[in-house]
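Reproduced below: entry.cif, with mmCIF, C-alpha atoms.
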data_data
#
loop_
_atom_site.group_PDB
_atom_site.id
_atom_site.type_symbol
_atom_site.label_atom_id
_atom_site.label_comp_id
_atom_site.auth_asym_id
_atom_site.auth_seq_id
_atom_site.Cartn_x
_atom_site.Cartn_y
_atom_site.Cartn_z
ATOM 1 C CA MET D 21 0.000 0.000 0.000
ATOM 2 C CA ILE D 22 2.798 2.440 0.863
ATOM 3 C CA ARG D 23 4.597 1.614 -2.375
ATOM 4 C CA GLU D 24 1.509 2.679 -4.323
ATOM 5 C CA VAL D 25 1.645 6.255 -3.016
ATOM 6 C CA ARG D 26 5.367 6.756 -2.397
ATOM 7 C CA GLN D 27 7.252 9.608 -4.091
ATOM 8 C CA ALA D 28 10.783 10.913 -3.490
ATOM 9 C CA SER D 29 9.892 13.737 -1.075
ATOM 10 C CA THR D 30 6.718 12.139 0.236
ATOM 11 C CA SER D 31 6.191 10.827 3.737
ATOM 12 C CA VAL D 32 3.484 8.206 4.205
ATOM 13 C CA ALA D 33 1.830 7.089 7.431
ATOM 14 C CA ALA D 34 -0.651 4.232 7.070
ATOM 15 C CA VAL D 35 -2.538 1.729 9.182
ATOM 16 C CA ILE D 36 -4.651 -1.333 8.437
ATOM 17 C CA ILE D 37 -6.924 -2.711 11.164
ATOM 18 C CA GLU D 38 -8.107 -6.306 10.879
ATOM 19 C CA ARG D 39 -10.170 -7.939 13.625
ATOM 20 C CA GLY D 40 -8.709 -5.756 16.368
ATOM 21 C CA THR D 41 -5.091 -5.852 15.219
ATOM 22 C CA ALA D 42 -3.511 -2.659 13.883
ATOM 23 C CA ASP D 43 -0.610 -2.860 11.430
ATOM 24 C CA LEU D 44 0.916 0.629 11.402
ATOM 25 C CA ARG D 45 3.588 1.590 8.872
ATOM 26 C CA LEU D 46 5.730 4.708 8.372
ATOM 27 C CA SER D 47 7.738 5.633 5.298
ATOM 28 C CA PRO D 48 9.656 8.922 5.747
ATOM 29 C CA GLY D 49 10.375 11.073 2.719
ATOM 30 C CA ALA D 50 12.394 14.259 2.826
ATOM 31 C CA ASP D 51 11.290 15.046 6.387
ATOM 32 C CA PRO D 52 11.413 13.286 9.775
ATOM 33 C CA LEU D 53 8.386 11.124 10.526
ATOM 34 C CA ILE D 54 7.160 9.485 13.744
ATOM 35 C CA THR D 55 3.783 8.114 14.766
ATOM 36 C CA ASP D 56 2.884 11.442 16.447
ATOM 37 C CA THR D 57 3.701 13.581 13.392
ATOM 38 C CA LEU D 58 0.748 15.738 12.351
ATOM 39 C CA PHE D 59 -0.775 15.618 8.848
ATOM 40 C CA GLU D 60 -3.520 17.870 7.517
ATOM 41 C CA LEU D 61 -6.683 15.740 7.231
ATOM 42 C CA GLY D 62 -8.532 17.947 4.761
ATOM 43 C CA SER D 63 -12.128 16.839 4.266
ATOM 44 C CA VAL D 64 -11.781 13.838 6.581
ATOM 45 C CA THR D 65 -12.460 16.627 9.094
ATOM 46 C CA LYS D 66 -16.105 16.516 8.045
ATOM 47 C CA THR D 67 -16.529 13.132 9.736
ATOM 48 C CA LEU D 68 -15.264 14.672 12.973
ATOM 49 C CA THR D 69 -17.580 17.681 12.684
ATOM 50 C CA ALA D 70 -20.487 15.310 12.057
ATOM 51 C CA LEU D 71 -19.502 13.271 15.121
ATOM 52 C CA LEU D 72 -19.538 16.434 17.225
ATOM 53 C CA LEU D 73 -23.033 17.178 15.898
ATOM 54 C CA ALA D 74 -24.136 13.668 16.893
ATOM 55 C CA GLN D 75 -22.625 14.055 20.369
ATOM 56 C CA MET D 76 -24.321 17.423 20.899
ATOM 57 C CA THR D 77 -27.616 16.050 19.576
ATOM 58 C CA LEU D 78 -27.557 13.109 21.970
ATOM 59 C CA ALA D 79 -26.692 15.503 24.809
ATOM 60 C CA GLY D 80 -29.831 17.496 24.008
ATOM 61 C CA GLU D 81 -27.962 20.657 22.992
ATOM 62 C CA ALA D 82 -28.842 20.443 19.303
ATOM 63 C CA ALA D 83 -31.041 18.455 16.943
ATOM 64 C CA LEU D 84 -30.793 17.411 13.324
ATOM 65 C CA GLN D 85 -33.946 19.472 12.779
ATOM 66 C CA THR D 86 -32.461 22.631 14.331
ATOM 67 C CA ARG D 87 -32.806 25.520 11.880
ATOM 68 C CA ILE D 88 -29.650 27.497 11.284
ATOM 69 C CA GLY D 89 -31.790 30.622 11.445
ATOM 70 C CA ASP D 90 -32.238 29.890 15.157
ATOM 71 C CA VAL D 91 -28.467 30.080 15.576
ATOM 72 C CA LEU D 92 -27.067 32.293 12.808
ATOM 73 C CA HIS D 93 -28.220 35.281 10.745
ATOM 74 C CA ALA D 94 -28.906 33.216 7.639
ATOM 75 C CA GLY D 95 -31.378 35.392 5.705
ATOM 76 C CA GLY D 96 -33.451 33.380 3.233
ATOM 77 C CA ASN D 97 -31.549 30.227 4.208
ATOM 78 C CA ALA D 98 -32.822 30.283 7.777
ATOM 79 C CA ASP D 99 -34.785 27.044 7.311
ATOM 80 C CA ILE D 100 -31.722 24.945 6.446
ATOM 81 C CA THR D 101 -31.237 22.374 9.206
ATOM 82 C CA LEU D 102 -28.131 21.017 10.857
ATOM 83 C CA GLY D 103 -29.035 17.583 9.525
ATOM 84 C CA GLN D 104 -29.191 18.884 5.968
ATOM 85 C CA LEU D 105 -25.767 20.491 6.337
ATOM 86 C CA ALA D 106 -24.266 17.273 7.700
ATOM 87 C CA THR D 107 -25.683 15.135 4.885
ATOM 88 C CA HIS D 108 -24.979 17.592 2.029
ATOM 89 C CA THR D 109 -28.713 17.936 1.325
ATOM 90 C CA ALA D 110 -29.173 21.647 2.096
ATOM 91 C CA GLY D 111 -28.759 22.627 -1.550
ATOM 92 C CA LEU D 112 -25.662 24.740 -0.881
ATOM 93 C CA PRO D 113 -23.005 24.644 -3.622
ATOM 94 C CA ARG D 114 -19.529 23.229 -3.083
ATOM 95 C CA LEU D 115 -18.069 26.639 -2.160
ATOM 96 C CA PRO D 116 -19.469 30.091 -1.297
ATOM 97 C CA GLN D 117 -19.626 32.450 -4.254
ATOM 98 C CA ASN D 118 -17.651 35.161 -2.445
ATOM 99 C CA LEU D 119 -14.753 32.884 -1.480
ATOM 100 C CA MET D 120 -12.849 32.961 -4.763
ATOM 101 C CA ALA D 121 -12.026 36.676 -4.675
ATOM 102 C CA LYS D 122 -10.226 36.187 -1.364
ATOM 103 C CA ALA D 123 -8.659 32.893 -2.395
ATOM 104 C CA ARG D 124 -7.029 34.527 -5.426
ATOM 105 C CA VAL D 125 -5.131 36.900 -3.128
ATOM 106 C CA THR D 126 -3.548 34.006 -1.186
ATOM 107 C CA PRO D 127 -3.774 31.053 -3.615
ATOM 108 C CA GLN D 128 -1.416 28.820 -1.615
ATOM 109 C CA ASP D 129 -3.538 29.340 1.525
ATOM 110 C CA PRO D 130 -6.975 29.975 0.005
ATOM 111 C CA TYR D 131 -9.129 29.911 3.154
ATOM 112 C CA SER D 132 -6.818 31.987 5.354
ATOM 113 C CA THR D 133 -8.781 35.266 5.318
ATOM 114 C CA TYR D 134 -12.307 33.946 4.763
ATOM 115 C CA ASP D 135 -14.214 34.511 8.003
ATOM 116 C CA ALA D 136 -17.655 34.191 9.567
ATOM 117 C CA GLU D 137 -18.720 37.622 8.318
ATOM 118 C CA ASP D 138 -17.925 36.583 4.749
ATOM 119 C CA LEU D 139 -19.729 33.278 5.154
ATOM 120 C CA LEU D 140 -22.890 34.836 6.551
ATOM 121 C CA ALA D 141 -22.888 37.520 3.855
ATOM 122 C CA ASP D 142 -22.911 34.840 1.157
ATOM 123 C CA LEU D 143 -25.492 32.759 3.016
ATOM 124 C CA GLN D 144 -27.832 35.747 3.264
ATOM 125 C CA ALA D 145 -27.338 36.732 -0.385
ATOM 126 C CA HIS D 146 -28.051 33.399 -2.067
ATOM 127 C CA PRO D 147 -31.117 31.434 -0.884
ATOM 128 C CA VAL D 148 -31.146 27.760 -1.887
ATOM 129 C CA ALA D 149 -33.607 24.870 -1.776
ATOM 130 C CA PRO D 150 -33.045 21.383 -0.268
ATOM 131 C CA SER D 151 -31.692 18.846 -2.728
ATOM 132 C CA ALA D 152 -30.424 15.329 -3.133
ATOM 133 C CA PRO D 153 -26.900 15.026 -1.684
ATOM 134 C CA VAL D 154 -24.507 17.491 -3.337
ATOM 135 C CA TYR D 155 -21.066 17.540 -1.757
ATOM 136 C CA SER D 156 -20.552 20.905 -0.053
ATOM 137 C CA ASN D 157 -17.565 22.330 1.775
ATOM 138 C CA TYR D 158 -19.765 25.396 2.194
ATOM 139 C CA GLY D 159 -22.298 23.390 4.184
ATOM 140 C CA TYR D 160 -19.705 22.106 6.624
ATOM 141 C CA MET D 161 -18.253 25.581 7.093
ATOM 142 C CA VAL D 162 -21.737 26.687 8.137
ATOM 143 C CA LEU D 163 -22.228 23.576 10.295
ATOM 144 C CA GLY D 164 -18.971 24.158 12.186
ATOM 145 C CA LEU D 165 -19.889 27.791 12.803
ATOM 146 C CA ALA D 166 -23.369 26.807 14.007
ATOM 147 C CA LEU D 167 -22.012 24.180 16.427
ATOM 148 C CA SER D 168 -19.566 26.739 17.797
ATOM 149 C CA LYS D 169 -22.417 29.186 18.416
ATOM 150 C CA ILE D 170 -24.542 26.503 20.092
ATOM 151 C CA GLY D 171 -21.661 25.282 22.254
ATOM 152 C CA GLY D 172 -20.496 28.768 23.154
ATOM 153 C CA ARG D 173 -16.839 28.018 22.360
ATOM 154 C CA SER D 174 -14.579 27.704 19.348
ATOM 155 C CA LEU D 175 -15.048 24.623 17.205
ATOM 156 C CA GLY D 176 -11.496 23.533 18.018
ATOM 157 C CA THR D 177 -12.142 23.704 21.755
ATOM 158 C CA LEU D 178 -15.427 21.816 21.464
ATOM 159 C CA MET D 179 -13.744 19.164 19.335
ATOM 160 C CA ALA D 180 -10.838 18.778 21.751
ATOM 161 C CA ASP D 181 -13.142 18.278 24.736
ATOM 162 C CA ARG D 182 -15.946 16.248 23.180
ATOM 163 C CA VAL D 183 -14.333 14.201 20.410
ATOM 164 C CA PHE D 184 -10.545 14.111 20.589
ATOM 165 C CA ALA D 185 -10.273 13.514 24.354
ATOM 166 C CA PRO D 186 -12.924 10.753 24.582
ATOM 167 C CA LEU D 187 -11.371 8.954 21.602
ATOM 168 C CA SER D 188 -7.782 9.306 22.925
ATOM 169 C CA MET D 189 -6.764 11.324 19.882
ATOM 170 C CA THR D 190 -4.094 12.998 21.974
ATOM 171 C CA ASN D 191 -2.295 14.955 19.233
ATOM 172 C CA ALA D 192 -5.270 15.871 17.052
ATOM 173 C CA THR D 193 -5.988 19.583 16.870
ATOM 174 C CA PHE D 194 -7.607 22.408 14.936
ATOM 175 C CA ASP D 195 -4.831 24.770 16.012
ATOM 176 C CA ALA D 196 -1.537 23.092 15.143
ATOM 177 C CA GLY D 197 0.009 26.285 13.790
ATOM 178 C CA ILE D 198 -0.020 27.709 17.316
ATOM 179 C CA SER D 199 -0.136 24.724 19.661
ATOM 180 C CA ALA D 200 2.098 22.178 17.901
ATOM 181 C CA PRO D 201 4.016 23.627 14.918
ATOM 182 C CA HIS D 202 7.009 21.401 15.722
ATOM 183 C CA GLN D 203 4.872 18.272 15.205
ATOM 184 C CA ARG D 204 3.749 19.154 11.675
ATOM 185 C CA VAL D 205 5.294 17.514 8.637
ATOM 186 C CA GLN D 206 6.035 19.717 5.644
ATOM 187 C CA GLY D 207 3.521 19.555 2.787
ATOM 188 C CA TYR D 208 4.453 19.240 -0.893
ATOM 189 C CA LEU D 209 2.782 19.774 -4.252
ATOM 190 C CA HIS D 210 4.467 18.107 -7.235
ATOM 191 C CA GLY D 211 7.643 17.920 -5.157
ATOM 192 C CA ASP D 212 7.676 21.609 -4.167
ATOM 193 C CA ARG D 213 7.247 22.763 -0.564
ATOM 194 C CA VAL D 214 3.927 24.534 0.042
ATOM 195 C CA PRO D 215 2.574 26.299 3.143
ATOM 196 C CA HIS D 216 0.126 24.721 5.540
ATOM 197 C CA TRP D 217 -3.458 25.796 5.063
ATOM 198 C CA SER D 218 -5.060 27.932 7.745
ATOM 199 C CA LYS D 219 -8.821 28.106 8.179
ATOM 200 C CA LEU D 220 -10.878 30.577 10.168
ATOM 201 C CA LEU D 221 -13.902 28.306 9.520
ATOM 202 C CA PRO D 222 -12.428 24.824 10.098
ATOM 203 C CA GLY D 223 -15.506 22.595 10.133
ATOM 204 C CA ALA D 224 -15.023 21.418 6.550
ATOM 205 C CA GLY D 225 -11.307 20.688 6.584
ATOM 206 C CA GLY D 226 -9.265 22.221 9.401
ATOM 207 C CA ALA D 227 -8.195 19.229 11.513
ATOM 208 C CA GLU D 228 -4.658 17.888 11.789
ATOM 209 C CA ALA D 229 -3.854 14.519 13.318
ATOM 210 C CA SER D 230 -1.179 11.856 13.583
ATOM 211 C CA ILE D 231 -1.414 8.259 12.471
ATOM 212 C CA ASN D 232 -1.715 7.333 16.166
ATOM 213 C CA ASP D 233 -4.775 9.597 16.406
ATOM 214 C CA VAL D 234 -6.347 8.210 13.249
ATOM 215 C CA THR D 235 -5.718 4.647 14.422
ATOM 216 C CA ALA D 236 -7.641 5.406 17.634
ATOM 217 C CA TYR D 237 -10.416 6.957 15.537
ATOM 218 C CA LEU D 238 -10.629 3.905 13.286
ATOM 219 C CA ARG D 239 -10.703 1.507 16.237
ATOM 220 C CA ALA D 240 -13.676 3.386 17.644
ATOM 221 C CA GLN D 241 -15.460 3.314 14.281
ATOM 222 C CA VAL D 242 -14.915 -0.432 13.820
ATOM 223 C CA GLU D 243 -15.867 -1.245 17.430
ATOM 224 C CA PRO D 244 -18.055 1.592 18.765
ATOM 225 C CA ALA D 245 -18.937 -0.368 21.904
ATOM 226 C CA THR D 246 -15.378 0.150 23.153
ATOM 227 C CA SER D 247 -15.854 3.951 23.199
ATOM 228 C CA GLU D 248 -17.745 6.314 25.472
ATOM 229 C CA LEU D 249 -18.986 7.934 22.239
ATOM 230 C CA GLU D 250 -20.648 4.680 21.134
ATOM 231 C CA ALA D 251 -24.097 6.156 20.524
ATOM 232 C CA ALA D 252 -22.721 9.128 18.601
ATOM 233 C CA LEU D 253 -20.479 6.908 16.475
ATOM 234 C CA GLU D 254 -23.428 4.662 15.647
ATOM 235 C CA MET D 255 -25.502 7.708 14.750
ATOM 236 C CA THR D 256 -22.977 8.928 12.197
ATOM 237 C CA GLN D 257 -22.552 5.529 10.554
ATOM 238 C CA ARG D 258 -26.151 4.669 9.720
ATOM 239 C CA PRO D 259 -28.008 6.191 6.768
ATOM 240 C CA LEU D 260 -30.736 8.512 7.994
ATOM 241 C CA ASP D 261 -34.200 7.926 6.581
ATOM 242 C CA ASN D 262 -34.979 11.605 6.091
ATOM 243 C CA TYR D 263 -31.744 12.283 4.201
ATOM 244 C CA ASP D 264 -30.756 8.987 2.491
ATOM 245 C CA ALA D 265 -27.190 9.672 3.636
ATOM 246 C CA CYS D 266 -24.904 9.257 6.646
ATOM 247 C CA LEU D 267 -23.685 12.064 8.866
ATOM 248 C CA GLY D 268 -20.272 12.922 7.487
ATOM 249 C CA TRP D 269 -19.319 9.554 6.021
ATOM 250 C CA GLN D 270 -19.621 8.613 2.370
ATOM 251 C CA GLN D 271 -21.231 5.220 1.671
ATOM 252 C CA ALA D 272 -19.954 2.647 -0.741
ATOM 253 C CA ALA D 273 -22.961 1.844 -2.904
ATOM 254 C CA GLY D 274 -25.129 -0.810 -1.278
ATOM 255 C CA GLY D 275 -22.393 -1.910 1.109
ATOM 256 C CA THR D 276 -21.143 -1.579 4.656
ATOM 257 C CA VAL D 277 -18.026 0.442 3.888
ATOM 258 C CA ARG D 278 -17.919 4.011 5.177
ATOM 259 C CA TRP D 279 -15.150 6.291 3.951
ATOM 260 C CA HIS D 280 -13.935 9.802 3.375
ATOM 261 C CA ASN D 281 -10.987 11.302 1.599
ATOM 262 C CA GLY D 282 -9.324 14.663 2.011
ATOM 263 C CA GLY D 283 -6.966 16.996 0.248
ATOM 264 C CA THR D 284 -5.273 20.316 0.980
ATOM 265 C CA GLY D 285 -2.506 22.130 -0.865
ATOM 266 C CA GLY D 286 0.168 19.789 0.463
ATOM 267 C CA PHE D 287 -1.664 16.715 1.789
ATOM 268 C CA SER D 288 -3.833 13.795 0.611
ATOM 269 C CA THR D 289 -5.702 11.495 3.006
ATOM 270 C CA PHE D 290 -8.067 8.540 3.067
ATOM 271 C CA VAL D 291 -9.913 6.947 5.994
ATOM 272 C CA GLY D 292 -12.347 4.054 5.556
ATOM 273 C CA PHE D 293 -13.746 1.071 7.413
ATOM 274 C CA ASP D 294 -16.028 -1.933 7.100
ATOM 275 C CA ARG D 295 -17.549 -2.900 10.459
ATOM 276 C CA GLY D 296 -18.919 -6.141 9.094
ATOM 277 C CA ALA D 297 -15.410 -7.255 8.192
ATOM 278 C CA GLY D 298 -13.829 -5.730 11.298
ATOM 279 C CA ALA D 299 -11.507 -3.777 8.992
ATOM 280 C CA GLY D 300 -10.273 -0.230 8.674
ATOM 281 C CA VAL D 301 -7.605 1.647 6.748
ATOM 282 C CA ALA D 302 -6.061 5.093 6.873
ATOM 283 C CA ILE D 303 -3.428 6.640 4.607
ATOM 284 C CA LEU D 304 -1.877 10.025 5.351
ATOM 285 C CA VAL D 305 0.468 11.533 2.741
ATOM 286 C CA ASN D 306 2.197 14.931 2.672
ATOM 287 C CA ALA D 307 1.639 15.509 -1.044
ATOM 288 C CA GLY D 308 -1.327 17.451 -2.357
ATOM 289 C CA ASN D 309 -1.286 15.931 -5.830
ATOM 290 C CA LEU D 310 -1.792 12.275 -4.842
ATOM 291 C CA GLY D 311 -5.482 12.214 -3.960
ATOM 292 C CA ALA D 312 -6.593 9.745 -6.633
ATOM 293 C CA VAL D 313 -3.638 7.446 -5.922
ATOM 294 C CA VAL D 314 -4.317 7.485 -2.182
ATOM 295 C CA ASP D 315 -8.030 6.782 -2.738
ATOM 296 C CA ARG D 316 -7.283 3.778 -4.941
ATOM 297 C CA ALA D 317 -4.857 2.373 -2.391
ATOM 298 C CA GLY D 318 -7.400 2.835 0.409
ATOM 299 C CA PHE D 319 -10.223 1.120 -1.426
ATOM 300 C CA ARG D 320 -7.986 -1.764 -2.455
ATOM 301 C CA ALA D 321 -6.914 -2.238 1.145
ATOM 302 C CA LEU D 322 -10.613 -2.597 1.994
ATOM 303 C CA GLY D 323 -11.004 -5.208 -0.746
ATOM 304 C CA MET D 324 -12.925 -2.936 -3.093
ATOM 305 C CA ASN D 325 -12.620 -1.634 -6.583
ATOM 306 C CA ASP D 326 -12.795 2.142 -6.853
ATOM 307 C CA PRO D 327 -16.381 3.387 -6.523
ATOM 308 C CA ALA D 328 -17.435 6.603 -8.175
ATOM 309 C CA ILE D 329 -16.186 9.150 -5.688
ATOM 310 C CA GLU D 330 -17.001 12.786 -5.081
#

Starting from the coordinates I provided, produce the structure as C-alpha cells.
Amino acid sequence: MIREVRQASTSVAAVIIERGTADLRLSPGADPLITDTLFELGSVTKTLTALLLAQMTLAGEAALQTRIGDVLHAGGNADITLGQLATHTAGLPRLPQNLMAKARVTPQDPYSTYDAEDLLADLQAHPVAPSAPVYSNYGYMVLGLALSKIGGRSLGTLMADRVFAPLSMTNATFDAGISAPHQRVQGYLHGDRVPHWSKLLPGAGGAEASINDVTAYLRAQVEPATSELEAALEMTQRPLDNYDACLGWQQAAGGTVRWHNGGTGGFSTFVGFDRGAGAGVAILVNAGNLGAVVDRAGFRALGMNDPAIE
C-alpha cells in the first residue's frame, strides 16, 4: 500500500486494522516522521464535525432538525437544518460564491482570510432549496460555525473536549500552527514545498492529526462499543431515513463500507472502514497531488474496486 503512493519527497503514514489488530507503517520522505507527526486531514475533518453534531444532539444541545436561522443570521436560508448540512442535502453549492475573490489573493492558503462575516454575507445573499446530496464544503463551514455558536466556544475547543479527548486522539488539533508547529510535517505539491493551510472556519477541513490519532479513531469506528462515544459513532454511521445519507461519512454503494478522503494544498488522506469485516484503513500523505492514488490504495486495502467518488 505504501509503495503505491510513495514519491521521493513524500512521507506516508498508514494503518490497516483487521479484527482488532492494527498494522501501522511509516515511510519517511524528505522530512522526519514518527507516529505522532501531524498531517492535515482535509475533508476527513467533516466526519469529525459530524460526530460532534451527533454528540451534541444526543446531549440534548442540538437536533438534526435545528434551523440554522435559530443560531445564525442566515437570511433566506434560515430554514436549512443542521441535519441537511451534515448530509450535504441543504442545496448549498460546493463553495461560497464570495470565497474565490479572497482565495485569489492568497492562492497557496486559500481559506486563510475567509471569516464568519464573509460566510454569513454569502449565506444571506443566495437562498437555496433542499436537494439530493450534493457535496458541499460550504455546508460544513456553516455547520462548524453553528455548532460553535450553540456550544459557546470555538469549534477547536469543542472538538478537543468532546471528540478528541474521549477517543484518545491525543495529538489531534484544529490549532496546530499555534499549539504544535514542531509536530507538523512539511507539505508538498508536485515535489515543491507549500505552506500549511489555515482556516478561520475549520468545520469542513481544518483538523490535523497523527497516524496514532487516526488509528484510535478507526478503532472506535470499527468497534463503537469500546468507546464512550458509542451512541454518537453509531448515529454517524447509519443512513438517515430523512436524508438517504450518513452524517459525514460517504457510503460505498449498497455496502457496509464508510469512507472519506481529504486533500489540501500539500496533503492527501483517506480513511475508511467496514464494520462487518472488522476492517479499517487510513493513509496520510504529505503531497497534495496524490489524492486519486491514495483513494485507490485505500479502497484496495478494503477489498474494493474504486467506486465513483465525489

Exercise. Would you list the residues near (-18.7, 2.1, 7.8) (no more than 8 Å away, in the coordinates of the file, using all atoms listed in the file) as a list in words?
Key: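 Every polymer residue passing the test: Gln241, Val242, Gln257, Trp269, Gln271, Thr276, Val277, Arg278, Trp279, Gly292, Phe293, Asp294 and Arg295 of chain D.
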
Residue subset to file, keeping C-alpha atoms, as a PDB file, in the coordinates of the input:
ATOM      1  CA  GLN D 241     -15.460   3.314  14.281  1.00  0.00           C
ATOM      2  CA  VAL D 242     -14.915  -0.432  13.820  1.00  0.00           C
ATOM      3  CA  GLN D 257     -22.552   5.529  10.554  1.00  0.00           C
ATOM      4  CA  TRP D 269     -19.319   9.554   6.021  1.00  0.00           C
ATOM      5  CA  GLN D 271     -21.231   5.220   1.671  1.00  0.00           C
ATOM      6  CA  THR D 276     -21.143  -1.579   4.656  1.00  0.00           C
ATOM      7  CA  VAL D 277     -18.026   0.442   3.888  1.00  0.00           C
ATOM      8  CA  ARG D 278     -17.919   4.011   5.177  1.00  0.00           C
ATOM      9  CA  TRP D 279     -15.150   6.291   3.951  1.00  0.00           C
ATOM     10  CA  GLY D 292     -12.347   4.054   5.556  1.00  0.00           C
ATOM     11  CA  PHE D 293     -13.746   1.071   7.413  1.00  0.00           C
ATOM     12  CA  ASP D 294     -16.028  -1.933   7.100  1.00  0.00           C
ATOM     13  CA  ARG D 295     -17.549  -2.900  10.459  1.00  0.00           C
TER      14      ARG D 295
END

Quiz prompt | Non-local contacts of Leu112 of chain D (9 Å; only C-alpha atoms; under 6 positions in same chain excluded) as a list in words | solution =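 With the cut-off at 9 Å, the set is Leu105, Leu143, Pro147, Val148, Ala149, Pro150, Ser151, Val154, Tyr155, Ser156, Asn157, Tyr158 and Gly159 of chain D.
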
Exercise. Extract, using all atoms listed in the file, all DNA, RNA and protein residues at most 10 Å from segment 79-93 of chain D, discarding same-chain residues fewer than 5 positions from it, and format them as a PyMOL selection string.
Key: chain D and resi 73-74+98-106+140-141+143-144+162-163+165-171+252+267

Exercise. May I ask for the distance between atom CA of Ser29 of chain D and atom CA of Asp212 of chain D, given in Å to one decimal place?
Key: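 Between atom CA of Ser29 of chain D and atom CA of Asp212 of chain D the gap is 8.7 Å.
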
Exercise. Provide the atom CA of Gly318 of chain D to atom CA of Ile36 of chain D distance in Å, to one decimal place.
Key: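 Those two atoms sit 9.5 Å apart.
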
Quiz item: Residues picked by the PyMOL selection byres ((chain D and resi 42) around 10) here, as a list in words?
Solution: Val35, Ile36, Ile37, Glu38, Arg39, Gly40, Thr41, Asp43, Leu44, Arg45, Thr235, Ala236, Leu238, Arg239, Ala299, Gly300 and Val301 of chain D

Take the residues just selected and output them with C-alpha atoms as a PDB file, in the frame of the given file.
ATOM      1  CA  VAL D  35      -2.538   1.729   9.182  1.00  0.00           C
ATOM      2  CA  ILE D  36      -4.651  -1.333   8.437  1.00  0.00           C
ATOM      3  CA  ILE D  37      -6.924  -2.711  11.164  1.00  0.00           C
ATOM      4  CA  GLU D  38      -8.107  -6.306  10.879  1.00  0.00           C
ATOM      5  CA  ARG D  39     -10.170  -7.939  13.625  1.00  0.00           C
ATOM      6  CA  GLY D  40      -8.709  -5.756  16.368  1.00  0.00           C
ATOM      7  CA  THR D  41      -5.091  -5.852  15.219  1.00  0.00           C
ATOM      8  CA  ASP D  43      -0.610  -2.860  11.430  1.00  0.00           C
ATOM      9  CA  LEU D  44       0.916   0.629  11.402  1.00  0.00           C
ATOM     10  CA  ARG D  45       3.588   1.590   8.872  1.00  0.00           C
ATOM     11  CA  THR D 235      -5.718   4.647  14.422  1.00  0.00           C
ATOM     12  CA  ALA D 236      -7.641   5.406  17.634  1.00  0.00           C
ATOM     13  CA  LEU D 238     -10.629   3.905  13.286  1.00  0.00           C
ATOM     14  CA  ARG D 239     -10.703   1.507  16.237  1.00  0.00           C
ATOM     15  CA  ALA D 299     -11.507  -3.777   8.992  1.00  0.00           C
ATOM     16  CA  GLY D 300     -10.273  -0.230   8.674  1.00  0.00           C
ATOM     17  CA  VAL D 301      -7.605   1.647   6.748  1.00  0.00           C
TER      18      VAL D 301
END

Exercise. Would you write out, as a PyMOL selection string, every residue that the PyMOL selection byres ((chain D and resi 287) around 7) captures in this file?
Key: chain D and resi 60+207+283-286+288-289+305-308

Exercise. Point out the residue among D:Asp142, D:Asp315, D:Glu254, D:Asp264 with the least atom-to-atom distance to Ala70 of chain D, counting only C-alpha atoms.
Key: D:Glu254

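Counting all atoms listed in the file and comparing D:Ala94, D:Val25, D:Ala50, D:Ala240, the residue that lies closest to Phe290 of chain D is D:Val25.
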